[in-house]
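Novice: Sharing query30.txt, compact mmCIF, C-alpha atoms:
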# COMPACT_ATOMS: atom_id res chain seq x y z
CA MET A 875 91.73 81.37 136.88
CA ILE A 876 92.44 77.72 137.38
CA HIS A 877 94.78 76.25 134.83
CA PHE A 878 94.08 72.86 133.30
CA ARG A 879 97.03 71.80 131.15
CA PHE A 880 97.01 68.93 128.78
CA LEU A 881 96.70 65.44 130.23
CA GLN A 882 99.01 62.96 128.50
CA ARG A 883 97.13 60.85 125.99
CA LEU A 884 98.20 57.60 127.52
CA CYS A 885 96.69 58.65 130.85
CA LEU A 886 93.22 58.96 129.39
CA VAL A 887 91.07 56.15 130.75
CA PHE A 888 87.63 55.03 129.81
CA PHE A 889 85.86 56.61 132.75
CA ALA A 890 87.81 59.87 132.75
CA ALA A 891 84.54 61.73 132.41
CA LEU A 892 83.83 61.02 136.07
CA LEU A 893 86.20 63.90 136.81
CA LEU A 894 83.40 66.18 135.76
CA THR A 895 81.32 65.33 138.80
CA ALA A 896 83.71 67.31 140.99
CA ALA A 897 82.65 70.88 141.51
CA SER A 898 84.56 73.35 139.33
CA SER A 899 86.10 76.28 141.14
CA ALA A 900 85.02 79.79 140.23
CA LEU A 901 87.10 81.75 137.76
CA THR A 902 89.28 84.36 139.44
CA GLN A 903 90.92 87.46 138.13
CA GLU A 904 94.38 85.97 137.95
CA ILE A 905 95.65 86.70 134.46
CA ALA A 906 96.56 83.52 132.69
CA ASP A 907 98.93 83.55 129.75
CA VAL A 908 99.11 80.84 127.14
CA LYS A 909 102.81 81.66 126.79
CA ASP A 910 103.55 79.40 123.86
CA SER A 911 102.21 76.38 122.04
CA LYS A 912 103.85 73.74 124.26
CA ASN A 913 100.49 72.67 125.65
CA ILE A 914 98.96 72.50 122.14
CA LEU A 915 99.50 69.17 120.42
CA PRO A 916 101.26 69.11 117.02
CA GLU A 917 99.07 68.18 114.07
CA LYS A 918 100.19 64.54 113.86
CA ASP A 919 99.46 63.87 117.52
CA ARG A 920 96.08 65.60 117.25
CA GLU A 921 95.07 63.36 114.37
CA GLN A 922 96.19 60.23 116.20
CA LEU A 923 94.27 61.18 119.33
CA MET A 924 91.10 62.04 117.42
CA ASN A 925 91.29 58.71 115.57
CA GLU A 926 91.47 56.93 118.93
CA TRP A 927 88.30 58.75 119.92
CA LEU A 928 86.66 57.89 116.59
CA LYS A 929 87.36 54.18 117.00
CA TRP A 930 85.58 54.17 120.38
CA ARG A 931 82.72 56.25 119.03
CA LEU A 932 82.14 53.97 116.04
CA ASP A 933 82.27 50.83 118.20
CA ASN A 934 80.01 52.14 120.95
CA ILE A 935 77.89 55.14 119.93
CA VAL A 936 76.77 54.07 116.45
CA PRO A 937 75.26 50.70 117.54
CA GLU A 938 73.44 52.27 120.48
CA LEU A 939 71.94 55.04 118.35
CA MET A 940 70.90 52.79 115.47
CA ARG A 941 69.00 50.56 117.89
CA ARG A 942 67.51 53.54 119.70
CA GLU A 943 66.14 54.87 116.41
CA GLY A 944 65.10 51.44 115.04
CA ILE A 945 67.28 51.74 111.93
CA ASP A 946 69.16 48.62 110.88
CA MET A 947 71.00 50.20 107.93
CA TRP A 948 72.32 53.75 107.70
CA LEU A 949 73.63 55.30 104.50
CA VAL A 950 75.82 58.39 104.34
CA ILE A 951 76.24 59.49 100.72
CA ASN A 952 77.94 62.70 99.62
CA ARG A 953 80.22 64.32 97.08
CA GLU A 954 83.62 65.95 97.27
CA TYR A 955 83.40 69.54 98.64
CA ASN A 956 79.67 69.15 99.27
CA GLU A 957 80.04 66.96 102.32
CA ASP A 958 77.19 65.74 104.48
CA PRO A 959 77.43 67.47 107.91
CA VAL A 960 78.14 64.11 109.58
CA TYR A 961 80.60 62.70 107.03
CA LEU A 962 83.91 64.11 108.26
CA SER A 963 83.06 63.10 111.83
CA LEU A 964 82.68 59.47 110.71
CA VAL A 965 85.94 59.01 108.79
CA PRO A 966 89.53 58.76 110.05
CA ARG A 967 91.84 61.72 109.91
CA PRO A 968 93.60 63.13 107.95
CA THR A 969 90.58 62.81 105.66
CA MET A 970 89.78 66.41 104.74
CA ALA A 971 87.04 65.91 102.16
CA ALA A 972 84.91 63.28 100.52
CA ARG A 973 86.49 61.91 97.34
CA ARG A 974 84.32 61.98 94.23
CA THR A 975 81.11 60.30 95.48
CA SER A 976 81.77 58.76 98.89
CA ILE A 977 79.41 56.24 100.47
CA LEU A 978 79.42 54.83 104.00
CA VAL A 979 77.13 51.95 104.99
CA PHE A 980 76.36 50.89 108.56
CA HIS A 981 74.50 47.57 108.93
CA ASP A 982 73.39 46.42 112.36
CA LEU A 983 73.87 42.67 112.74
CA GLY A 984 72.52 42.66 116.30
CA PRO A 985 74.00 43.07 119.80
CA GLU A 986 76.25 40.02 119.55
CA LYS A 987 77.80 40.71 116.13
CA GLY A 988 77.69 44.49 116.21
CA VAL A 989 77.49 46.96 113.35
CA GLU A 990 79.11 46.11 110.03
CA ARG A 991 80.93 49.13 108.55
CA LEU A 992 81.17 49.24 104.79
CA SER A 993 82.35 51.67 102.13
CA GLY A 994 80.81 51.90 98.69
CA SER A 995 83.40 54.48 97.62
CA TYR A 996 86.03 54.17 94.92
CA TYR A 997 88.81 54.73 97.45
CA GLY A 998 89.11 52.40 100.44
CA MET A 999 89.49 53.09 104.17
CA GLU A 1000 91.47 50.07 105.27
CA GLY A 1001 90.92 49.14 108.90
CA TRP A 1002 87.90 51.41 109.21
CA TYR A 1003 85.37 50.48 106.50
CA LYS A 1004 85.34 47.35 104.35
CA GLY A 1005 85.21 48.19 100.65
CA THR A 1006 82.26 46.75 98.71
CA TRP A 1007 82.73 48.29 95.26
CA VAL A 1008 85.12 45.59 94.11
CA ASP A 1009 84.09 45.28 90.47
CA LYS A 1010 84.73 48.77 89.12
CA LYS A 1011 83.09 47.80 85.80
CA LYS A 1012 79.80 47.89 87.68
CA LYS A 1013 78.31 51.34 88.29
CA GLN A 1014 78.77 52.64 91.82
CA PHE A 1015 75.08 52.80 92.76
CA ASP A 1016 74.37 49.42 91.17
CA SER A 1017 77.11 47.99 93.36
CA LEU A 1018 75.58 49.70 96.41
CA ALA A 1019 72.13 48.36 95.56
CA ALA A 1020 73.53 44.83 95.37
CA VAL A 1021 75.06 45.21 98.83
CA ILE A 1022 71.74 46.41 100.25
CA LYS A 1023 69.67 43.70 98.51
CA ALA A 1024 71.96 41.00 99.88
CA ARG A 1025 71.37 42.22 103.44
CA GLN A 1026 67.64 42.99 103.20
CA PRO A 1027 67.41 45.71 105.88
CA LYS A 1028 63.95 46.56 107.21
CA LYS A 1029 64.62 50.29 107.63
CA ILE A 1030 67.25 52.13 105.60
CA GLY A 1031 68.16 55.46 107.18
CA ILE A 1032 69.09 58.30 104.84
CA ASN A 1033 70.07 61.83 105.81
CA THR A 1034 67.02 63.88 104.91
CA SER A 1035 65.30 66.27 107.31
CA GLU A 1036 62.97 69.26 107.30
CA ASN A 1037 64.10 70.41 110.74
CA TRP A 1038 67.81 69.71 111.12
CA ALA A 1039 70.58 70.84 108.79
CA PHE A 1040 72.70 68.17 110.48
CA GLY A 1041 70.32 65.45 109.26
CA ASP A 1042 69.76 66.82 105.76
CA GLY A 1043 73.04 66.09 104.01
CA LEU A 1044 71.74 63.85 101.19
CA THR A 1045 71.25 65.93 98.06
CA ALA A 1046 68.17 65.56 95.86
CA SER A 1047 70.17 64.21 92.93
CA LEU A 1048 71.98 61.56 95.00
CA LYS A 1049 68.69 60.50 96.59
CA ALA A 1050 67.14 60.11 93.13
CA LYS A 1051 70.11 58.06 91.97
CA LEU A 1052 69.83 55.83 95.04
CA GLU A 1053 66.11 55.25 94.50
CA ARG A 1054 66.60 54.34 90.84
CA ALA A 1055 69.26 51.80 91.79
CA LEU A 1056 67.21 50.27 94.62
CA GLY A 1057 63.89 50.06 92.82
CA PRO A 1058 60.43 50.68 94.29
CA GLU A 1059 60.33 47.89 96.87
CA LEU A 1060 63.62 48.66 98.63
CA SER A 1061 63.07 52.40 98.22
CA SER A 1062 59.88 52.04 100.25
CA ARG A 1063 62.10 51.12 103.21
CA LEU A 1064 63.94 54.45 103.16
CA VAL A 1065 63.36 56.53 106.31
CA SER A 1066 64.81 59.75 107.68
CA ALA A 1067 67.90 59.26 109.82
CA GLU A 1068 67.72 62.81 111.21
CA ASN A 1069 67.69 61.80 114.88
CA LEU A 1070 70.49 59.33 114.27
CA CYS A 1071 72.59 62.13 112.75
CA VAL A 1072 71.81 64.47 115.64
CA GLY A 1073 72.53 61.75 118.21
CA TRP A 1074 75.87 60.91 116.62
CA LEU A 1075 76.99 64.53 116.57
CA GLU A 1076 75.77 65.46 120.06
CA THR A 1077 76.99 62.43 122.05
CA ARG A 1078 80.39 62.84 123.65
CA SER A 1079 82.67 59.94 124.53
CA PRO A 1080 84.26 59.71 128.01
CA GLN A 1081 87.60 60.72 126.50
CA GLU A 1082 86.13 63.75 124.77
CA MET A 1083 84.38 64.88 127.95
CA SER A 1084 87.60 64.66 129.91
CA VAL A 1085 89.70 66.60 127.40
CA TYR A 1086 86.91 69.16 126.90
CA ARG A 1087 87.99 70.56 130.26
CA HIS A 1088 91.45 71.26 128.86
CA ILE A 1089 89.99 72.87 125.74
CA CYS A 1090 87.76 75.16 127.79
CA GLY A 1091 90.76 75.95 130.00
CA ILE A 1092 92.69 77.18 126.97
CA ALA A 1093 89.74 79.38 125.98
CA HIS A 1094 89.55 80.82 129.52
CA ASP A 1095 93.28 81.51 129.52
CA LEU A 1096 92.99 83.40 126.25
CA ILE A 1097 90.13 85.52 127.58
CA GLY A 1098 92.26 86.28 130.64
CA GLU A 1099 95.01 87.50 128.32
CA PHE A 1100 92.95 89.99 126.34
CA PHE A 1101 90.85 91.19 129.28
CA SER A 1102 93.98 92.70 130.83
CA ASN A 1103 96.39 95.59 130.45
CA ARG A 1104 98.60 93.33 128.39
CA VAL A 1105 96.21 93.93 125.50
CA ILE A 1106 93.94 96.81 126.54
CA THR A 1107 95.14 100.34 127.28
CA PRO A 1108 92.18 102.49 128.36
CA ASP A 1109 91.47 105.47 126.08
CA VAL A 1110 93.75 103.97 123.39
CA THR A 1111 92.70 100.42 122.49
CA THR A 1112 89.54 99.87 120.44
CA SER A 1113 87.14 96.97 120.55
CA ASP A 1114 88.22 96.12 116.99
CA ASP A 1115 91.84 95.92 118.16
CA VAL A 1116 90.86 93.32 120.74
CA ASP A 1117 88.71 91.36 118.26
CA TRP A 1118 91.62 90.98 115.87
CA TRP A 1119 94.14 90.39 118.63
CA PHE A 1120 92.15 87.36 119.73
CA ARG A 1121 91.72 86.09 116.16
CA GLN A 1122 95.46 86.39 115.50
CA ARG A 1123 96.43 84.91 118.87
CA VAL A 1124 94.33 81.81 118.26
CA THR A 1125 95.80 81.40 114.76
CA ASP A 1126 99.35 81.79 116.10
CA LEU A 1127 98.68 78.97 118.57
CA GLY A 1128 97.66 76.67 115.71
CA LEU A 1129 93.99 76.72 116.72
CA GLU A 1130 90.88 78.05 114.98
CA THR A 1131 88.04 80.42 115.74
CA TRP A 1132 84.70 79.16 114.43
CA PHE A 1133 83.19 82.65 114.27
CA GLN A 1134 84.55 86.18 114.26
CA PRO A 1135 85.25 87.18 117.89
CA SER A 1136 83.61 90.32 119.22
CA ILE A 1137 84.05 92.75 122.09
CA THR A 1138 81.11 95.03 122.92
CA ILE A 1139 80.98 98.02 125.24
CA GLN A 1140 78.31 99.21 127.68
CA ARG A 1141 78.90 102.55 129.40
CA ASP A 1142 77.13 105.09 131.54
CA LYS A 1143 74.88 107.04 129.16
CA LYS A 1144 75.65 110.38 130.79
CA GLU A 1145 79.29 109.93 129.73
CA ALA A 1146 78.75 108.23 126.39
CA ALA A 1147 77.73 111.43 124.57
CA GLN A 1148 81.14 113.03 125.05
CA TYR A 1149 82.98 110.39 123.03
CA ALA A 1150 83.02 110.67 119.24
CA ASP A 1151 84.61 107.23 118.73
CA LYS A 1152 82.30 104.74 120.40
CA ASN A 1153 84.73 101.85 119.84
CA VAL A 1154 87.58 103.20 121.98
CA ILE A 1155 87.62 101.44 125.36
CA ARG A 1156 87.24 104.01 128.16
CA ARG A 1157 87.58 103.96 131.91
CA GLY A 1158 84.30 103.02 133.54
CA ASP A 1159 83.28 100.77 130.63
CA LEU A 1160 81.72 97.34 131.02
CA LEU A 1161 83.19 95.03 128.38
CA HIS A 1162 81.57 91.87 127.05
CA CYS A 1163 83.24 89.29 124.81
CA ASP A 1164 81.78 86.57 122.62
CA VAL A 1165 84.51 84.16 121.51
CA GLY A 1166 84.85 80.52 120.51
CA ILE A 1167 87.77 78.29 119.57
CA THR A 1168 88.01 74.87 117.95
CA TYR A 1169 90.63 72.36 119.07
CA LEU A 1170 90.71 68.59 118.65
CA GLY A 1171 87.48 68.86 116.69
CA LEU A 1172 85.51 70.34 119.62
CA CYS A 1173 84.16 73.89 119.90
CA THR A 1174 83.89 76.31 122.79
CA ASP A 1175 81.55 79.32 123.02
CA MET A 1176 81.94 81.84 125.84
CA GLN A 1177 80.71 85.29 126.84
CA LEU A 1178 82.52 86.85 129.80
CA GLN A 1179 82.65 90.37 131.27
CA ALA A 1180 85.38 92.84 132.25
CA TYR A 1181 85.31 96.23 133.95
CA VAL A 1182 87.71 99.08 133.12
CA CYS A 1183 88.55 100.78 136.40
CA ARG A 1184 88.45 104.52 136.75
CA ILE A 1185 91.46 106.24 138.30
CA GLY A 1186 91.43 105.37 141.98
CA GLU A 1187 89.01 102.46 141.64
CA THR A 1188 90.03 98.97 142.72
CA ASP A 1189 86.82 97.16 141.75
CA ALA A 1190 83.66 97.48 139.71
CA PRO A 1191 80.68 99.42 141.11
CA GLU A 1192 78.43 97.40 143.39
CA GLY A 1193 75.51 97.73 140.94
CA LEU A 1194 77.47 96.04 138.17
CA LYS A 1195 78.62 93.30 140.54
CA GLU A 1196 74.99 92.74 141.49
CA ALA A 1197 74.12 92.38 137.79
CA LEU A 1198 76.75 89.64 137.46
CA ARG A 1199 75.47 87.91 140.61
CA ARG A 1200 71.95 87.92 139.21
CA ALA A 1201 73.19 86.37 135.96
CA ASN A 1202 74.89 83.61 137.92
CA ARG A 1203 71.67 83.01 139.83
CA LEU A 1204 69.82 82.64 136.55
CA ALA A 1205 72.42 80.10 135.40
CA ASP A 1206 71.66 78.02 138.50
CA VAL A 1207 67.91 78.27 137.93
CA PHE A 1208 68.27 77.30 134.28
CA MET A 1209 70.66 74.38 134.74
CA ALA A 1210 68.52 72.90 137.49
CA GLU A 1211 65.83 72.29 134.86
CA PHE A 1212 68.08 69.90 132.89
CA VAL A 1213 66.38 66.54 133.26
CA GLN A 1214 67.01 63.60 130.96
CA GLY A 1215 64.19 63.16 128.46
CA ARG A 1216 62.73 66.65 128.80
CA SER A 1217 62.45 68.64 125.59
CA GLY A 1218 64.28 71.90 125.08
CA THR A 1219 60.97 73.74 125.07
CA GLU A 1220 59.97 72.17 128.41
CA ILE A 1221 63.33 73.10 129.94
CA VAL A 1222 63.32 76.71 128.77
CA THR A 1223 59.66 77.28 129.66
CA ALA A 1224 60.23 76.13 133.24
CA ALA A 1225 63.47 78.11 133.58
CA MET A 1226 61.97 81.32 132.19
CA LYS A 1227 59.00 81.06 134.55
CA LYS A 1228 61.23 80.64 137.61
CA GLY A 1229 63.69 83.30 136.48
CA GLU A 1230 60.90 85.80 135.94
CA ALA A 1231 59.40 84.94 139.33
CA GLU A 1232 62.73 85.89 140.94
CA GLY A 1233 62.85 89.16 139.02
CA LEU A 1234 65.95 88.17 137.05
CA ARG A 1235 64.51 89.49 133.76
CA PRO A 1236 65.80 86.52 131.74
CA LEU A 1237 66.04 85.69 128.06
CA ILE A 1238 67.40 82.21 127.34
CA TYR A 1239 68.73 80.89 124.02
CA MET A 1240 70.95 77.91 124.89
CA HIS A 1241 72.42 75.74 122.12
CA PRO A 1242 74.40 72.47 121.96
CA LEU A 1243 78.17 72.34 121.44
CA GLY A 1244 80.46 69.73 119.97
CA PHE A 1245 81.82 69.18 116.48
CA HIS A 1246 79.91 72.35 115.54
CA GLY A 1247 79.64 75.56 117.53
CA HIS A 1248 75.89 75.88 117.06
CA GLY A 1249 75.64 72.15 117.36
CA ALA A 1250 73.18 69.30 117.07
CA GLY A 1251 70.94 68.41 119.98
CA CYS A 1252 68.54 69.83 122.56
CA VAL A 1253 67.77 73.50 121.85
CA ALA A 1254 66.25 75.71 124.58
CA ASP A 1255 65.27 79.02 123.00
CA ALA A 1256 62.82 81.48 124.56
CA ARG A 1257 63.16 84.17 121.90
CA PRO A 1258 60.01 85.00 119.93
CA SER A 1259 59.95 83.57 116.41
CA GLU A 1260 60.27 87.00 114.78
CA SER A 1261 63.58 87.68 116.55
CA ALA A 1262 65.06 84.17 116.39
CA PRO A 1263 67.21 83.27 113.38
CA GLU A 1264 64.83 80.48 112.38
CA ASP A 1265 61.73 78.65 113.55
CA ASN A 1266 62.81 76.44 116.47
CA LEU A 1267 59.40 74.99 117.31
CA GLU A 1268 60.11 71.51 115.91
CA ARG A 1269 63.71 71.42 117.04
CA GLY A 1270 62.57 72.48 120.50
CA LYS A 1271 60.75 69.15 120.81
CA TYR A 1272 64.02 67.20 120.67
CA PRO A 1273 64.76 65.63 124.10
CA LEU A 1274 67.76 66.01 126.37
CA PHE A 1275 70.16 63.06 126.35
CA LEU A 1276 73.08 62.18 128.61
CA ASN A 1277 76.72 62.89 127.76
CA THR A 1278 76.03 65.99 125.71
CA ALA A 1279 77.59 69.48 125.77
CA TYR A 1280 75.96 72.91 125.77
CA ALA A 1281 76.65 76.62 125.67
CA ILE A 1282 74.60 77.83 128.65
CA GLU A 1283 73.62 81.09 126.95
CA PHE A 1284 71.20 83.75 128.15
CA SER A 1285 70.94 87.36 129.24
CA SER A 1286 69.80 88.97 132.47
CA THR A 1287 68.97 92.68 132.78
CA THR A 1288 69.57 94.80 135.89
CA ALA A 1289 69.10 98.49 136.75
CA VAL A 1290 72.44 99.88 138.01
CA PRO A 1291 72.15 102.65 140.65
CA GLU A 1292 75.62 104.06 139.98
CA TRP A 1293 74.57 104.64 136.36
CA GLU A 1294 71.34 106.43 137.36
CA ASN A 1295 69.43 103.12 137.21
CA GLN A 1296 70.46 102.58 133.61
CA GLU A 1297 69.55 99.05 132.53
CA VAL A 1298 72.58 96.84 131.99
CA ARG A 1299 72.36 93.57 130.14
CA ILE A 1300 74.73 90.79 131.16
CA GLY A 1301 75.19 88.49 128.17
CA TYR A 1302 76.19 85.22 129.83
CA GLU A 1303 77.60 82.16 128.07
CA GLU A 1304 79.60 79.33 129.56
CA ASP A 1305 80.17 75.74 128.47
CA ALA A 1306 78.70 72.78 130.32
CA LEU A 1307 78.19 69.03 130.12
CA PHE A 1308 75.03 67.11 130.96
CA THR A 1309 75.79 63.71 132.51
CA GLU A 1310 74.22 61.47 135.13
CA ALA A 1311 75.59 63.95 137.68
CA GLY A 1312 73.42 66.69 136.15
CA CYS A 1313 74.37 69.82 134.24
CA ARG A 1314 77.82 71.07 135.29
CA PHE A 1315 80.14 73.74 133.96
CA ILE A 1316 83.15 72.16 132.28
CA ASP A 1317 85.84 74.53 133.57
CA GLY A 1318 84.13 76.73 136.11
CA ARG A 1319 82.29 80.00 135.65
CA GLN A 1320 82.88 83.73 136.02
CA THR A 1321 81.77 85.09 139.41
CA LYS A 1322 83.96 88.23 139.41
CA PHE A 1323 84.75 90.75 136.71
CA TYR A 1324 88.11 90.77 135.02
CA LEU A 1325 89.57 94.15 135.97
CA ILE A 1326 91.48 96.39 133.57
CA ARG A 1327 93.32 99.20 135.35
As structure tokens, please, write out the structure in this file.

Specialist:
Amino acid sequence: MIHFRFLQRLCLVFFAALLLTAASSALTQEIADVKDSKNILPEKDREQLMNEWLKWRLDNIVPELMRREGIDMWLVINREYNEDPVYLSLVPRPTMAARRTSILVFHDLGPEKGVERLSGSYYGMEGWYKGTWVDKKKKQFDSLAAVIKARQPKKIGINTSENWAFGDGLTASLKAKLERALGPELSSRLVSAENLCVGWLETRSPQEMSVYRHICGIAHDLIGEFFSNRVITPDVTTSDDVDWWFRQRVTDLGLETWFQPSITIQRDKKEAAQYADKNVIRRGDLLHCDVGITYLGLCTDMQLQAYVCRIGETDAPEGLKEALRRANRLADVFMAEFVQGRSGTEIVTAAMKKGEAEGLRPLIYMHPLGFHGHGAGCVADARPSESAPEDNLERGKYPLFLNTAYAIEFSSTTAVPEWENQEVRIGYEEDALFTEAGCRFIDGRQTKFYLIR
């Protein structure tokens, strides 16, 4: 595995994302060990770095998105411990929650003057948002209404959406309070800011795209640790042991997992019947992990494979290696369909058709990555509605934009001769960025099994 250690903050330059155009080398079976936390930033430095990113994002991404969506004023209104999904991504760290009722106002003054950033909250955010609730004798929403009336925006974006949780953070009671304060005429200018919310969350800055490679490298190193004899002893270690080892390891490094990690086992059916405990990892097993970490506010999501060698074996059976090759071929087919402006449904329909034509037996369910693991953005899901977690028809219409990140997630099924043509499913998931250079894996991909001896 290639190691990508942390690049010093001061070496980050505006166009660092161009590094991503270079081809990533394939993951190897070298066992990487995140030996200690020296390459993990302390909390204070993390916050400072993320605030540097936020400043660039507010200055550059917000104006572009507001103009793209035709919204000249955007309101983000939420309460403490019931935060809007976008709120914490818009405020400087170490903000950990909204305080009482917190209000952010973005007013587009045009390309020359930029976007005015205001706060209608009781507590200020000096240097980030200019406070407008000066006279505390006036009610908060009356003060907000006065600010809006003075600026006379044509379209006032609020976070309400039928399709996106990320764009639906304004509660019914706060919306009613806003409408009462604005009155009928200004309230008629309220529009959904759902696509503005999604755009804000999905768009990565050049700095974020560069450091994402380091974050994915850490995740790959951790997978290399637990898919080894350092953690797994065949016929002793259980899949639960490995799940909790990973969870604890990530916590000990000062990082977070955004979902419970899992290790699943596929084995030759003719041998499976002899084992009473199905969770004990045996020789000849094919192991599959599904793990994700969060670091510097960005999530990873990966599914990689390992083979547990039988006594005398030095590699996985050829049939299993062919299954992994076929999965990699499907990844190429799928990622080639990433074209700016195409909808997720268009992308997945084309990829499924080509994958089926090649006999790869695909099922694709790709999702965006970023501040959230199952993030905002272009969704490409070929699962039937009855087996998908929710109806993705409307969300599938959302188009693909540049500078966005994805978990390239799918499965490919192959009959394995060494297992009497038993069908083996390779659950494949690797993280990628879509830029002007196309869709590229952030830190390489798995082309060989991790081997446990």

Novice: For His1088 (chain A), which residue among A:Asn913, A:Ser1035, A:Thr1138, A:Asn956 is the nearest when counting all atoms listed in the file?

Specialist: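 Using all atoms listed in the file, His1088 (chain A) sits closest to A:Asn913.
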
Novice: Excluding region 1249-1255 of chain A and any residue of its chain fewer than 2 positions from it, enumerate the residues within 10 Å of it, using only C-alpha atoms, and give them as a PyMOL selection string.

Specialist: chain A and resi 1038-1041+1069+1071-1077+1173+1215-1223+1225+1237-1247+1257-1259+1262+1266-1275+1278-1284

Novice: Please dump the current selection as a short mmCIF file (atom, residue, chain, number, x, y, z; two decimals), keeping the file's coordinate frame; keep C-alpha atoms.

Specialist:
data_model
loop_
_atom_site.label_atom_id
_atom_site.label_comp_id
_atom_site.auth_asym_id
_atom_site.auth_seq_id
_atom_site.Cartn_x
_atom_site.Cartn_y
_atom_site.Cartn_z
CA TRP A 1038 67.81 69.71 111.12
CA ALA A 1039 70.58 70.84 108.79
CA PHE A 1040 72.70 68.17 110.48
CA GLY A 1041 70.32 65.45 109.26
CA ASN A 1069 67.69 61.80 114.88
CA CYS A 1071 72.59 62.13 112.75
CA VAL A 1072 71.81 64.47 115.64
CA GLY A 1073 72.53 61.75 118.21
CA TRP A 1074 75.87 60.91 116.62
CA LEU A 1075 76.99 64.53 116.57
CA GLU A 1076 75.77 65.46 120.06
CA THR A 1077 76.99 62.43 122.05
CA CYS A 1173 84.16 73.89 119.90
CA GLY A 1215 64.19 63.16 128.46
CA ARG A 1216 62.73 66.65 128.80
CA SER A 1217 62.45 68.64 125.59
CA GLY A 1218 64.28 71.90 125.08
CA THR A 1219 60.97 73.74 125.07
CA GLU A 1220 59.97 72.17 128.41
CA ILE A 1221 63.33 73.10 129.94
CA VAL A 1222 63.32 76.71 128.77
CA THR A 1223 59.66 77.28 129.66
CA ALA A 1225 63.47 78.11 133.58
CA LEU A 1237 66.04 85.69 128.06
CA ILE A 1238 67.40 82.21 127.34
CA TYR A 1239 68.73 80.89 124.02
CA MET A 1240 70.95 77.91 124.89
CA HIS A 1241 72.42 75.74 122.12
CA PRO A 1242 74.40 72.47 121.96
CA LEU A 1243 78.17 72.34 121.44
CA GLY A 1244 80.46 69.73 119.97
CA PHE A 1245 81.82 69.18 116.48
CA HIS A 1246 79.91 72.35 115.54
CA GLY A 1247 79.64 75.56 117.53
CA ARG A 1257 63.16 84.17 121.90
CA PRO A 1258 60.01 85.00 119.93
CA SER A 1259 59.95 83.57 116.41
CA ALA A 1262 65.06 84.17 116.39
CA ASN A 1266 62.81 76.44 116.47
CA LEU A 1267 59.40 74.99 117.31
CA GLU A 1268 60.11 71.51 115.91
CA ARG A 1269 63.71 71.42 117.04
CA GLY A 1270 62.57 72.48 120.50
CA LYS A 1271 60.75 69.15 120.81
CA TYR A 1272 64.02 67.20 120.67
CA PRO A 1273 64.76 65.63 124.10
CA LEU A 1274 67.76 66.01 126.37
CA PHE A 1275 70.16 63.06 126.35
CA THR A 1278 76.03 65.99 125.71
CA ALA A 1279 77.59 69.48 125.77
CA TYR A 1280 75.96 72.91 125.77
CA ALA A 1281 76.65 76.62 125.67
CA ILE A 1282 74.60 77.83 128.65
CA GLU A 1283 73.62 81.09 126.95
CA PHE A 1284 71.20 83.75 128.15
#

Novice: If we count only C-alpha atoms and set the cut-off at 12 Å, which residues sit around Glu1000 (chain A), ignoring sequence neighbours fewer than 5 positions away in its own chain? Please answer as a PyMOL selection string.

Specialist: chain A and resi 965-966+991-993+995+1005-1006

Novice: Between CA of Gly944 (chain A) and CA of Phe1308 (chain A), what distance in Å does the model show, to one decimal?

Specialist: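 Value for the CA of Gly944 (chain A)-CA of Phe1308 (chain A) distance: 24.4 Å.
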
Novice: Nearest residue to Arg1184 (chain A) out of A:Leu1325, A:Gln1134, A:Gly1091, A:Glu926, using all atoms listed in the file?

Specialist: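 Closest to Arg1184 (chain A), using all atoms listed in the file: A:Leu1325.
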
Novice: Mind giving me the straight-line distance from CA of Ile1167 (chain A) to CA of Val1298 (chain A) in Å, one decimal?

Specialist: 27.0 Å

Novice: Restricting the calculation to all atoms listed in the file, which member of A:Ile1089, A:Thr1131, A:Ala1231, A:Arg941 is positioned closest to Trp1118 (chain A)?

Specialist: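 Answer, going by the shortest atom-to-atom distance: A:Thr1131.
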
Novice: I need region 1174-1189 of chain A from the structure I supplied, saved as a PDB file, in the first residue's frame with C-alpha atoms retained.

Specialist:
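What ended up in out_32.pdb:
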ATOM      1  CA  THR A1174     -14.394   7.924   3.923  1.00  0.00           C
ATOM      2  CA  ASP A1175     -16.368   4.793   3.002  1.00  0.00           C
ATOM      3  CA  MET A1176     -14.552   1.665   1.822  1.00  0.00           C
ATOM      4  CA  GLN A1177     -15.239  -2.015   1.160  1.00  0.00           C
ATOM      5  CA  LEU A1178     -12.144  -4.144   0.566  1.00  0.00           C
ATOM      6  CA  GLN A1179     -11.494  -7.899   0.449  1.00  0.00           C
ATOM      7  CA  ALA A1180      -9.065 -10.330   2.106  1.00  0.00           C
ATOM      8  CA  TYR A1181      -8.418 -14.034   1.664  1.00  0.00           C
ATOM      9  CA  VAL A1182      -7.429 -16.375   4.513  1.00  0.00           C
ATOM     10  CA  CYS A1183      -4.884 -18.805   3.092  1.00  0.00           C
ATOM     11  CA  ARG A1184      -5.157 -22.506   3.692  1.00  0.00           C
ATOM     12  CA  ILE A1185      -2.065 -24.329   4.936  1.00  0.00           C
ATOM     13  CA  GLY A1186       0.358 -24.452   2.031  1.00  0.00           C
ATOM     14  CA  GLU A1187      -1.383 -21.743   0.002  1.00  0.00           C
ATOM     15  CA  THR A1188       0.471 -18.586  -0.986  1.00  0.00           C
ATOM     16  CA  ASP A1189      -2.386 -16.846  -2.792  1.00  0.00           C
TER      17      ASP A1189
END
